[in-house]
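Here is the file input-v3.txt (compact mmCIF, C-alpha atoms).
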# COMPACT_ATOMS: atom_id res chain seq x y z
CA MET A 1 31.39 42.36 27.56
CA HIS A 2 32.86 43.53 24.25
CA VAL A 3 34.94 41.06 22.27
CA TYR A 4 37.07 42.55 19.46
CA VAL A 5 38.07 40.08 16.76
CA TYR A 6 41.16 41.38 14.90
CA ASP A 7 41.62 39.79 11.48
CA ASP A 8 45.01 38.28 10.72
CA PHE A 9 45.95 40.84 8.05
CA LEU A 10 46.06 43.52 10.77
CA ASN A 11 49.32 41.95 11.98
CA ARG A 12 51.10 43.70 9.11
CA GLY A 13 53.25 46.63 10.19
CA LYS A 14 51.33 49.17 8.12
CA TYR A 15 48.24 48.74 10.30
CA GLN A 16 50.06 49.16 13.64
CA LYS A 17 49.45 52.92 13.89
CA ILE A 18 45.74 52.67 13.17
CA ILE A 19 45.35 49.81 15.67
CA ASN A 20 47.07 51.93 18.32
CA ARG A 21 44.75 54.83 17.55
CA LEU A 22 41.74 52.52 17.68
CA GLU A 23 42.66 51.11 21.08
CA ILE A 24 43.20 54.59 22.54
CA ARG A 25 39.83 55.73 21.13
CA LEU A 26 37.99 52.71 22.52
CA THR A 27 39.53 53.28 25.96
CA ASP A 28 38.53 56.97 25.84
CA LEU A 29 34.94 55.99 25.09
CA GLY A 30 34.88 53.27 27.76
CA LEU A 31 34.37 50.59 25.13
CA ASN A 32 37.44 48.50 25.80
CA GLY A 33 37.09 44.74 25.99
CA LYS A 34 38.75 41.46 25.19
CA ILE A 35 40.87 41.26 22.01
CA ILE A 36 41.14 38.10 19.93
CA ARG A 37 43.78 38.13 17.21
CA LEU A 38 42.94 35.64 14.47
CA ALA A 39 46.56 35.48 13.28
CA GLY A 40 47.90 32.10 14.29
CA ILE A 41 44.51 30.73 15.43
CA LYS A 42 43.58 27.56 13.54
CA ASN A 43 40.22 26.88 15.21
CA ILE A 44 38.53 30.25 14.59
CA ARG A 45 35.06 28.73 14.97
CA GLY A 46 35.91 27.23 18.35
CA VAL A 47 37.42 30.46 19.71
CA ILE A 48 34.50 32.66 18.64
CA GLN A 49 31.90 30.16 19.80
CA ASN A 50 33.61 29.98 23.17
CA GLU A 51 33.33 33.77 23.62
CA ILE A 52 29.58 33.61 22.95
CA LYS A 53 29.26 30.79 25.49
CA LEU A 54 31.17 32.92 28.00
CA GLY A 55 28.52 35.63 27.55
CA ALA A 56 29.94 38.13 25.05
CA LYS A 57 27.31 40.86 24.65
CA THR A 58 28.91 42.40 21.57
CA VAL A 59 31.29 40.81 19.09
CA ILE A 60 33.08 43.38 16.94
CA ALA A 61 34.73 42.47 13.65
CA VAL A 62 37.87 44.58 13.25
CA GLY A 63 39.03 44.29 9.65
CA ASN A 64 37.05 43.94 6.42
CA ASN A 65 34.14 42.04 4.81
CA GLN A 66 35.93 38.74 5.25
CA THR A 67 36.31 39.36 9.00
CA VAL A 68 32.54 39.88 9.34
CA ASN A 69 31.80 36.77 7.28
CA LYS A 70 34.33 34.70 9.28
CA ILE A 71 32.51 35.58 12.51
CA ILE A 72 29.06 34.86 11.04
CA GLY A 73 30.34 31.61 9.52
CA ALA A 74 31.66 30.55 12.93
CA ILE A 75 28.26 30.91 14.58
CA ILE A 76 25.45 30.28 12.09
CA ASP A 77 24.00 26.76 12.09
CA THR A 78 25.79 25.83 15.32
CA GLU A 79 24.27 24.95 18.68
CA ILE A 80 25.16 28.36 20.14
CA TYR A 81 23.45 30.26 17.33
CA GLY A 82 20.23 30.61 19.31
CA ASP A 83 22.14 32.33 22.14
CA PHE A 84 23.97 34.53 19.65
CA GLN A 85 20.69 35.66 18.06
CA LYS A 86 19.07 36.46 21.41
CA LYS A 87 21.94 37.92 23.39
CA THR A 88 24.78 39.03 21.14
CA LEU A 89 25.19 42.03 18.85
CA LEU A 90 27.60 42.20 15.93
CA GLY A 91 29.59 45.37 15.35
CA VAL A 92 32.04 46.31 12.61
CA ILE A 93 35.19 48.45 12.71
CA PRO A 94 36.44 48.79 9.12
CA ILE A 95 40.19 48.88 8.50
CA GLY A 96 41.87 48.48 5.12
CA ASP A 97 40.19 47.64 1.78
CA ASP A 98 37.05 45.58 0.92
CA ASN A 99 34.76 47.15 3.48
CA SER A 100 31.49 47.35 1.55
CA ILE A 101 29.57 45.77 4.46
CA ALA A 102 30.60 48.66 6.73
CA VAL A 103 29.58 51.14 4.00
CA SER A 104 26.13 49.49 3.79
CA LEU A 105 25.79 49.81 7.54
CA GLY A 106 26.62 53.51 7.38
CA ILE A 107 30.13 53.16 8.85
CA LYS A 108 32.65 55.24 6.89
CA ASP A 109 35.82 54.68 8.89
CA MET A 110 37.34 53.52 12.14
CA GLU A 111 36.65 56.79 14.00
CA GLU A 112 32.97 56.76 13.05
CA ALA A 113 32.72 53.05 13.92
CA CYS A 114 33.69 53.80 17.53
CA GLN A 115 30.94 56.43 17.87
CA ILE A 116 28.44 54.03 16.29
CA LEU A 117 29.38 51.30 18.78
CA LEU A 118 28.71 53.75 21.56
CA ALA A 119 25.32 54.77 20.16
CA ARG A 120 24.23 51.10 19.73
CA ARG A 121 21.60 51.61 17.03
CA LEU A 122 20.35 48.11 16.13
CA GLU A 123 18.97 46.44 13.00
CA LYS A 124 18.07 42.81 12.39
CA ILE A 125 19.39 41.83 8.95
CA ASP A 126 18.76 38.93 6.56
CA LEU A 127 21.67 36.70 5.72
CA GLY A 128 22.54 35.36 2.27
CA ILE A 129 23.75 31.78 1.96
CA ILE A 130 25.62 30.33 -1.01
CA ASN A 131 26.57 26.67 -0.75
CA GLN A 132 28.34 26.58 2.66
CA HIS A 133 29.26 30.29 2.67
CA TYR A 134 27.40 33.25 4.19
CA PHE A 135 27.22 36.82 2.94
CA LEU A 136 25.72 40.07 4.15
CA ASN A 137 26.25 42.27 1.07
CA GLN A 138 26.21 40.49 -2.25
CA ILE A 139 27.69 37.93 -4.56
CA SER A 140 28.76 38.73 -8.13
CA ILE A 141 29.75 36.95 -11.33
CA GLN A 142 30.46 37.81 -14.99
CA SER A 143 27.05 37.87 -16.68
CA LEU A 144 27.96 36.33 -20.09
CA ASP A 145 26.84 32.68 -20.32
CA THR A 146 25.48 32.71 -16.76
CA ILE A 147 22.22 30.83 -16.28
CA LEU A 148 19.99 31.50 -13.29
CA LYS A 149 17.27 29.02 -12.35
CA ILE A 150 14.50 30.56 -10.23
CA ASP A 151 11.20 28.86 -9.33
CA ASP A 152 9.66 27.61 -12.63
CA TYR A 153 11.84 29.60 -15.02
CA SER A 154 15.42 30.25 -16.05
CA LEU A 155 17.31 33.36 -17.17
CA GLU A 156 20.04 33.05 -19.80
CA ILE A 157 22.34 36.03 -20.19
CA GLY A 158 23.87 36.55 -23.62
CA ALA A 159 26.06 39.61 -23.06
CA ARG A 160 29.11 40.65 -21.05
CA GLY A 161 28.55 42.66 -17.89
CA GLU A 162 28.01 42.22 -14.19
CA LEU A 163 25.50 40.10 -12.36
CA ARG A 164 24.93 40.76 -8.68
CA ILE A 165 22.70 39.05 -6.17
CA ILE A 166 22.20 41.55 -3.40
CA ASN A 167 21.10 41.16 0.21
CA LEU A 168 22.42 44.44 1.57
CA LEU A 169 23.12 47.22 -0.92
CA SER A 170 26.58 48.80 -0.61
CA ASP A 171 26.54 51.51 -3.29
CA SER A 172 24.11 53.71 -5.14
CA SER A 173 25.14 52.68 -8.68
CA THR A 174 21.97 50.65 -9.19
CA LYS A 175 18.41 51.94 -9.46
CA ILE A 176 17.11 49.23 -7.15
CA GLN A 177 16.26 49.65 -3.49
CA SER A 178 17.29 46.46 -1.75
CA ASN A 179 15.60 45.68 1.55
CA PRO A 180 17.64 43.42 3.87
CA HIS A 181 14.59 42.71 6.07
CA ASP A 182 12.21 41.24 3.49
CA GLY A 183 13.49 37.68 3.12
CA TYR A 184 14.25 38.25 -0.59
CA LEU A 185 17.43 38.66 -2.61
CA ASP A 186 17.63 41.21 -5.43
CA VAL A 187 19.03 40.00 -8.74
CA TYR A 188 20.64 42.87 -10.66
CA ILE A 189 22.22 42.45 -14.12
CA LYS A 190 23.84 45.27 -16.10
CA THR A 191 25.31 44.31 -19.45
CA LYS A 192 27.72 46.27 -21.64
CA ARG A 193 24.87 46.79 -24.11
CA ASN A 194 23.55 49.03 -21.35
CA SER A 195 20.53 46.92 -20.57
CA GLU A 196 19.50 46.53 -16.95
CA THR A 197 17.58 43.68 -15.39
CA HIS A 198 16.31 43.34 -11.88
CA LEU A 199 13.97 41.01 -10.04
CA ARG A 200 13.54 39.48 -6.59
CA ALA A 201 13.85 35.85 -5.60
CA LYS A 202 14.23 33.64 -2.55
CA LYS A 203 16.20 30.79 -4.09
CA ILE A 204 18.50 30.93 -7.14
CA LYS A 205 20.69 28.31 -8.77
CA ILE A 206 23.67 29.76 -10.68
CA THR A 207 25.72 28.08 -13.38
CA ASN A 208 28.51 29.47 -15.54
CA PRO A 209 31.06 27.19 -17.20
CA ASP A 210 33.89 29.74 -17.30
CA ASN A 211 33.58 32.14 -14.40
CA LYS A 212 33.63 32.03 -10.60
CA ILE A 213 31.32 33.67 -8.11
CA ILE A 214 32.82 36.30 -5.81
CA ILE A 215 31.32 36.54 -2.32
CA ASP A 216 31.29 40.00 -0.71
CA GLY A 217 34.16 40.99 -3.00
CA VAL A 218 36.58 38.64 -1.28
CA VAL A 219 36.04 34.87 -1.55
CA GLU A 220 35.78 33.06 -4.92
CA ILE A 221 33.79 29.86 -5.47
CA GLU A 222 32.96 27.69 -8.50
CA THR A 223 29.48 27.19 -9.97
CA PRO A 224 27.02 25.51 -9.85
CA ALA A 225 25.91 27.15 -6.64
CA GLU A 226 22.61 27.59 -4.85
CA VAL A 227 21.81 30.93 -3.21
CA THR A 228 19.15 31.38 -0.54
CA VAL A 229 18.32 33.89 2.18
CA LYS A 230 17.54 33.52 5.87
CA ARG A 231 15.36 36.21 7.30
CA ASP A 232 16.36 38.44 10.26
CA GLN A 233 19.40 36.41 11.25
CA VAL A 234 21.94 38.87 12.61
CA ASN A 235 21.61 41.75 15.10
CA LEU A 236 23.90 44.43 13.75
CA ILE A 237 25.00 47.74 15.20
CA VAL A 238 24.46 50.29 12.43
CA GLY A 239 25.06 53.96 11.73
CA LYS A 240 22.55 56.70 10.93
CA GLY A 241 23.82 56.77 7.33
CA ARG A 242 23.01 53.13 6.56
CA MET A 243 21.88 52.32 3.01
CA PHE A 244 18.52 50.80 3.94
CA GLU A 245 15.40 51.58 5.98
CA MET B 246 -0.85 57.97 -24.85
CA PHE B 247 2.04 56.47 -26.75
CA ASN B 248 4.71 59.05 -26.13
CA LYS B 249 7.52 57.42 -24.20
CA ALA B 250 7.15 59.40 -20.99
CA ASN B 251 3.46 58.55 -20.64
CA ARG B 252 4.05 54.97 -21.61
CA LEU B 253 6.58 54.38 -18.88
CA GLU B 254 5.12 56.55 -16.12
CA LYS B 255 3.27 53.65 -14.51
CA PHE B 256 6.36 51.46 -14.81
CA LYS B 257 9.08 53.77 -13.51
CA ASP B 258 9.16 51.85 -10.22
CA ALA B 259 8.60 48.42 -11.83
CA GLU B 260 9.68 45.67 -9.45
CA THR B 261 10.74 43.38 -12.28
CA VAL B 262 12.67 44.41 -15.40
CA ILE B 263 13.97 41.89 -17.94
CA GLY B 264 16.61 43.63 -20.05
CA ALA B 265 17.41 43.27 -23.75
CA SER B 266 20.26 40.74 -23.32
CA ILE B 267 18.19 38.30 -21.29
CA LYS B 268 16.26 35.23 -22.38
CA VAL B 269 13.66 33.91 -19.95
CA LYS B 270 12.37 30.35 -20.36
CA GLY B 271 9.50 28.92 -18.32
CA ASN B 272 6.54 30.17 -16.33
CA PHE B 273 7.38 33.68 -15.25
CA GLN B 274 5.14 34.97 -12.50
CA GLY B 275 6.39 38.33 -11.31
CA GLN B 276 5.51 40.56 -8.39
CA GLY B 277 4.18 44.01 -9.14
CA ASN B 278 4.68 45.73 -12.48
CA ILE B 279 6.85 43.94 -15.06
CA ILE B 280 8.85 45.38 -17.96
CA ILE B 281 10.08 42.98 -20.66
CA GLU B 282 12.71 44.23 -23.12
CA GLY B 283 14.28 40.82 -23.86
CA VAL B 284 13.10 37.38 -24.95
CA LEU B 285 10.57 35.30 -23.04
CA GLU B 286 9.32 31.79 -23.84
CA GLY B 287 6.68 30.08 -21.67
CA SER B 288 4.04 32.08 -19.82
CA LEU B 289 3.91 35.54 -18.26
CA LYS B 290 1.55 36.53 -15.47
CA THR B 291 1.11 39.20 -12.79
CA ASP B 292 -1.76 40.75 -10.84
CA SER B 293 -0.34 44.17 -11.74
CA ASN B 294 0.77 45.53 -15.11
CA ILE B 295 3.03 44.43 -17.97
CA PHE B 296 4.95 46.54 -20.47
CA VAL B 297 6.42 44.76 -23.51
CA GLY B 298 9.19 46.91 -25.07
CA ASP B 299 9.66 47.35 -28.82
CA GLN B 300 12.73 45.06 -28.95
CA ALA B 301 11.03 42.30 -26.91
CA LYS B 302 10.10 38.96 -28.42
CA ILE B 303 7.60 36.97 -26.40
CA THR B 304 6.36 33.48 -27.17
CA ALA B 305 3.95 33.04 -24.30
CA ASN B 306 0.44 33.63 -23.05
CA ILE B 307 0.25 36.91 -21.13
CA GLU B 308 -2.15 37.76 -18.30
CA ALA B 309 -2.20 41.00 -16.28
CA SER B 310 -4.35 43.97 -15.29
CA ASP B 311 -3.02 46.62 -17.72
CA VAL B 312 -0.87 45.48 -20.65
CA ILE B 313 1.10 47.74 -23.02
CA ILE B 314 2.55 46.04 -26.10
CA THR B 315 5.10 47.68 -28.38
CA GLY B 316 7.08 44.51 -29.26
CA GLU B 317 6.31 41.08 -30.69
CA VAL B 318 4.00 38.63 -28.92
CA ARG B 319 3.22 35.11 -30.14
CA GLY B 320 0.54 33.87 -27.76
CA ASN B 321 -2.77 34.89 -26.24
CA ILE B 322 -3.09 38.11 -24.26
CA LYS B 323 -5.55 38.74 -21.45
CA ALA B 324 -5.61 42.32 -20.13
CA LYS B 325 -8.26 42.32 -17.39
CA ASN B 326 -8.41 46.08 -17.26
CA TYR B 327 -6.76 47.91 -20.18
CA LEU B 328 -4.74 46.90 -23.25
CA ALA B 329 -2.69 49.41 -25.24
CA ILE B 330 -1.17 48.27 -28.55
CA GLY B 331 1.55 50.53 -29.96
CA ASP B 332 2.45 51.17 -33.62
CA THR B 333 5.46 48.81 -33.48
CA ALA B 334 3.49 45.92 -31.93
CA LYS B 335 3.10 42.55 -33.66
CA ILE B 336 0.62 40.21 -32.05
CA PHE B 337 0.00 36.65 -33.24
CA GLY B 338 -2.70 35.28 -30.95
CA ASP B 339 -6.11 35.96 -29.45
CA VAL B 340 -6.62 39.05 -27.35
CA GLN B 341 -9.03 39.63 -24.46
CA TYR B 342 -9.34 43.07 -22.88
CA GLY B 343 -11.41 45.24 -20.56
CA GLU B 344 -10.71 48.35 -22.63
CA ILE B 345 -8.46 48.65 -25.67
CA SER B 346 -6.59 51.19 -27.77
CA VAL B 347 -4.69 50.32 -30.96
CA GLU B 348 -2.24 52.61 -32.70
CA ARG B 349 -1.98 52.84 -36.48
CA GLY B 350 0.70 50.47 -37.83
CA ALA B 351 0.16 47.72 -35.26
CA ILE B 352 -0.22 44.17 -36.57
CA ILE B 353 -2.75 41.87 -34.92
CA ASN B 354 -3.37 38.34 -36.19
CA GLY B 355 -5.99 36.82 -33.91
CA GLN B 356 -9.42 37.32 -32.41
CA LEU B 357 -10.22 40.36 -30.31
CA SER B 358 -12.86 40.06 -27.60
CA SER B 359 -14.02 42.24 -24.74
CA ILE B 360 -13.97 40.57 -21.33
CA ASN B 361 -16.91 42.75 -20.26
CA GLU B 362 -18.99 41.66 -23.26
CA ASP B 363 -17.95 38.02 -22.66
CA ASN B 364 -19.08 38.35 -19.03
CA LYS B 365 -22.39 39.91 -20.12
CA HIS B 366 -22.81 37.08 -22.59
CA THR B 367 -22.03 34.49 -19.91
CA GLU B 368 -24.40 36.20 -17.47
CA LYS B 369 -27.12 36.15 -20.13
CA ILE B 370 -26.64 32.45 -20.77
CA LYS B 371 -26.73 31.72 -17.01
CA THR B 372 -29.96 33.73 -16.63
CA GLU B 373 -31.51 31.96 -19.63
CA ASP B 374 -30.46 28.58 -18.18
CA LYS B 375 -32.08 29.45 -14.84
CA ALA B 376 -35.21 30.61 -16.62
CA THR B 377 -35.33 27.33 -18.56
CA ILE B 378 -34.80 25.28 -15.40
CA SER B 379 -37.47 27.16 -13.40
CA SER B 380 -39.98 26.91 -16.26
CA LYS B 381 -39.57 23.09 -16.35

Once you've parsed the file, please lay out its structure as structure tokens.
Amino acid sequence: MHVYVYDDFLNRGKYQKIINRLEIRLTDLGLNGKIIRLAGIKNIRGVIQNEIKLGAKTVIAVGNNQTVNKIIGAIIDTEIYGDFQKKTLLGVIPIGDDNSIAVSLGIKDMEEACQILLARRLEKIDLGIINQHYFLNQISIQSLDTILKIDDYSLEIGARGELRIINLLSDSSTKIQSNPHDGYLDVYIKTKRNSETHLRAKKIKITNPDNKIIIDGVVEIETPAEVTVKRDQVNLIVGKGRMFE
Amino acid sequence: MFNKANRLEKFKDAETVIGASIKVKGNFQGQGNIIIEGVLEGSLKTDSNIFVGDQAKITANIEASDVIITGEVRGNIKAKNYLAIGDTAKIFGDVQYGEISVERGAIINGQLSSINEDNKHTEKIKTEDKATISSK
């Protein structure tokens, strides 16, 4: 059974047409299923967990990065997670802005997402964890005055720029090739002095007195924060054009 | 050997790059080839190769297979296979190498010794020790 989780922002009038088109397309392809609208639901975790318990074979996030992370956050580290890992696939239908996760998975738009759901090409992907939050793509922070503590050493960054910790690469602006199956995170720093830094790590502590960390381009959290990675945690339905092997 | 293209050929897919705006403190043990363009204090080690850029300032002991130095190193260097010292290099410490090349203009303040010769020397001592023991 397919369970479509519509994020609450899709309640806005401007998305009505695209939702109508989506539902017609899914019916045409024989992919229709149960729809859960998150707008107005307070216990998101409970609702999603209940669908897994009821035997949902595929849970599809309809919305953006935050929708995907809400679903993962509702399941990871709960008693039904074992069932989810064995029996349930996670799909993504991108609508609106902030859809870098879909881009990483090779899903350009809603139309393509429907075809990809039908094809059911699967990949097991690592999951990034920062404090109590989960991320598939990356976290980012202003590089100036950021200190990273990794294993037996620390990195102090003395210039403005961007610092990203990447699980699943979502664009080709970096020279690195991130592998979301290897149990490592890629640290990538590009400063305005045009110097680039990259290295791999499993566990990173981040501090910055003035700036916040942004998770998957959506959620902001304060430092200090600890980032780790869990290997092969989520079964995702992906497109041919995904940004990883 | 020291034109830029040749110098970086081995390192074009380096797994670890420390850029010019970065200061590393502690024991840095990288995976694969490492490029250092910034500041490092502590120790630096890999089973693969290390390139120290001309703007880099390292206060650490360095150990790797091939090592190319074009920046400043204060500490001992052990290049198990090959050590290349460029014209802009400043080294303050002892250097051990399998093979070595030094460009004109480089500054080295420390002892240079060949690992192969050291090994031969050690082997010789061991053999002499055995000979002494068996003769007793």

Find the residues around Val218 (chain A) up to 8 Å (all atoms listed in the file counted), leave out those fewer than 6 positions away in its own chain, and share them as a ChimeraX atom specification.
/A:65-66,98

Counting all atoms listed in the file, the option among A:Arg25, A:Lys86, A:His198, A:Arg37 closest to chain B
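Among A:Arg25, A:Lys86, A:His198, A:Arg37, it is A:His198 that comes nearest to chain B.
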
Compile the residues of chain B that lie within 8 Å of chain A, evaluated using all atoms listed in the file, and express the compilation as a list in words.
Glu260, Thr261, Val262, Ile263, Gly264, Ala265, Ser266, Ile267, Lys268, Val269, Lys270, Gly271, Asn272 and Phe273 of chain B

Name all residues at most 9 Å from Ile303 (chain B) (count only C-alpha atoms; drop same-chain ones fewer than 2 positions away) and give them as a list in words.
Ile281, Gly283, Val284, Leu285, Glu286, Gly287, Ser288, Val297, Ala301, Ala305, Asn306, Gly316, Glu317, Val318, Arg319 and Gly320 of chain B

Determine, counting all atoms listed in the file, every residue of protein, DNA or RNA that lies within 8 Å of (-4.9, 49.1, -22.7) in the file coordinates, then give the result as a PDB file with C-alpha atoms, in the frame of the given file.
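part.pdb was written with the following content:
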ATOM      1  CA  ASP B 311      -3.020  46.620 -17.720  1.00  0.00           C
ATOM      2  CA  VAL B 312      -0.870  45.480 -20.650  1.00  0.00           C
ATOM      3  CA  ILE B 313       1.100  47.740 -23.020  1.00  0.00           C
ATOM      4  CA  ALA B 324      -5.610  42.320 -20.130  1.00  0.00           C
ATOM      5  CA  ASN B 326      -8.410  46.080 -17.260  1.00  0.00           C
ATOM      6  CA  TYR B 327      -6.760  47.910 -20.180  1.00  0.00           C
ATOM      7  CA  LEU B 328      -4.740  46.900 -23.250  1.00  0.00           C
ATOM      8  CA  ALA B 329      -2.690  49.410 -25.240  1.00  0.00           C
ATOM      9  CA  ILE B 330      -1.170  48.270 -28.550  1.00  0.00           C
ATOM     10  CA  TYR B 342      -9.340  43.070 -22.880  1.00  0.00           C
ATOM     11  CA  GLY B 343     -11.410  45.240 -20.560  1.00  0.00           C
ATOM     12  CA  GLU B 344     -10.710  48.350 -22.630  1.00  0.00           C
ATOM     13  CA  ILE B 345      -8.460  48.650 -25.670  1.00  0.00           C
ATOM     14  CA  SER B 346      -6.590  51.190 -27.770  1.00  0.00           C
TER      15      SER B 346
END

10 Å contact set for Ile353 (chain B), all atoms listed in the file, chain neighbours under 4 positions out, as a PyMOL selection string:
chain B and resi 318+330+334-340+347+357

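The point (38.0, 39.4, 23.8) has these residues within 9 Å of it when all atoms listed in the file are used: A:Met1, A:His2, A:Val3, A:Tyr4, A:Val5, A:Gly33, A:Lys34, A:Ile35, A:Ile36, A:Arg37, A:Glu51, A:Ala56, A:Val59.
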
What does the distance between CA of Leu185 (chain A) and CA of Leu122 (chain A) come to in Å, to one decimal place?
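Those two atoms sit 21.2 Å apart.
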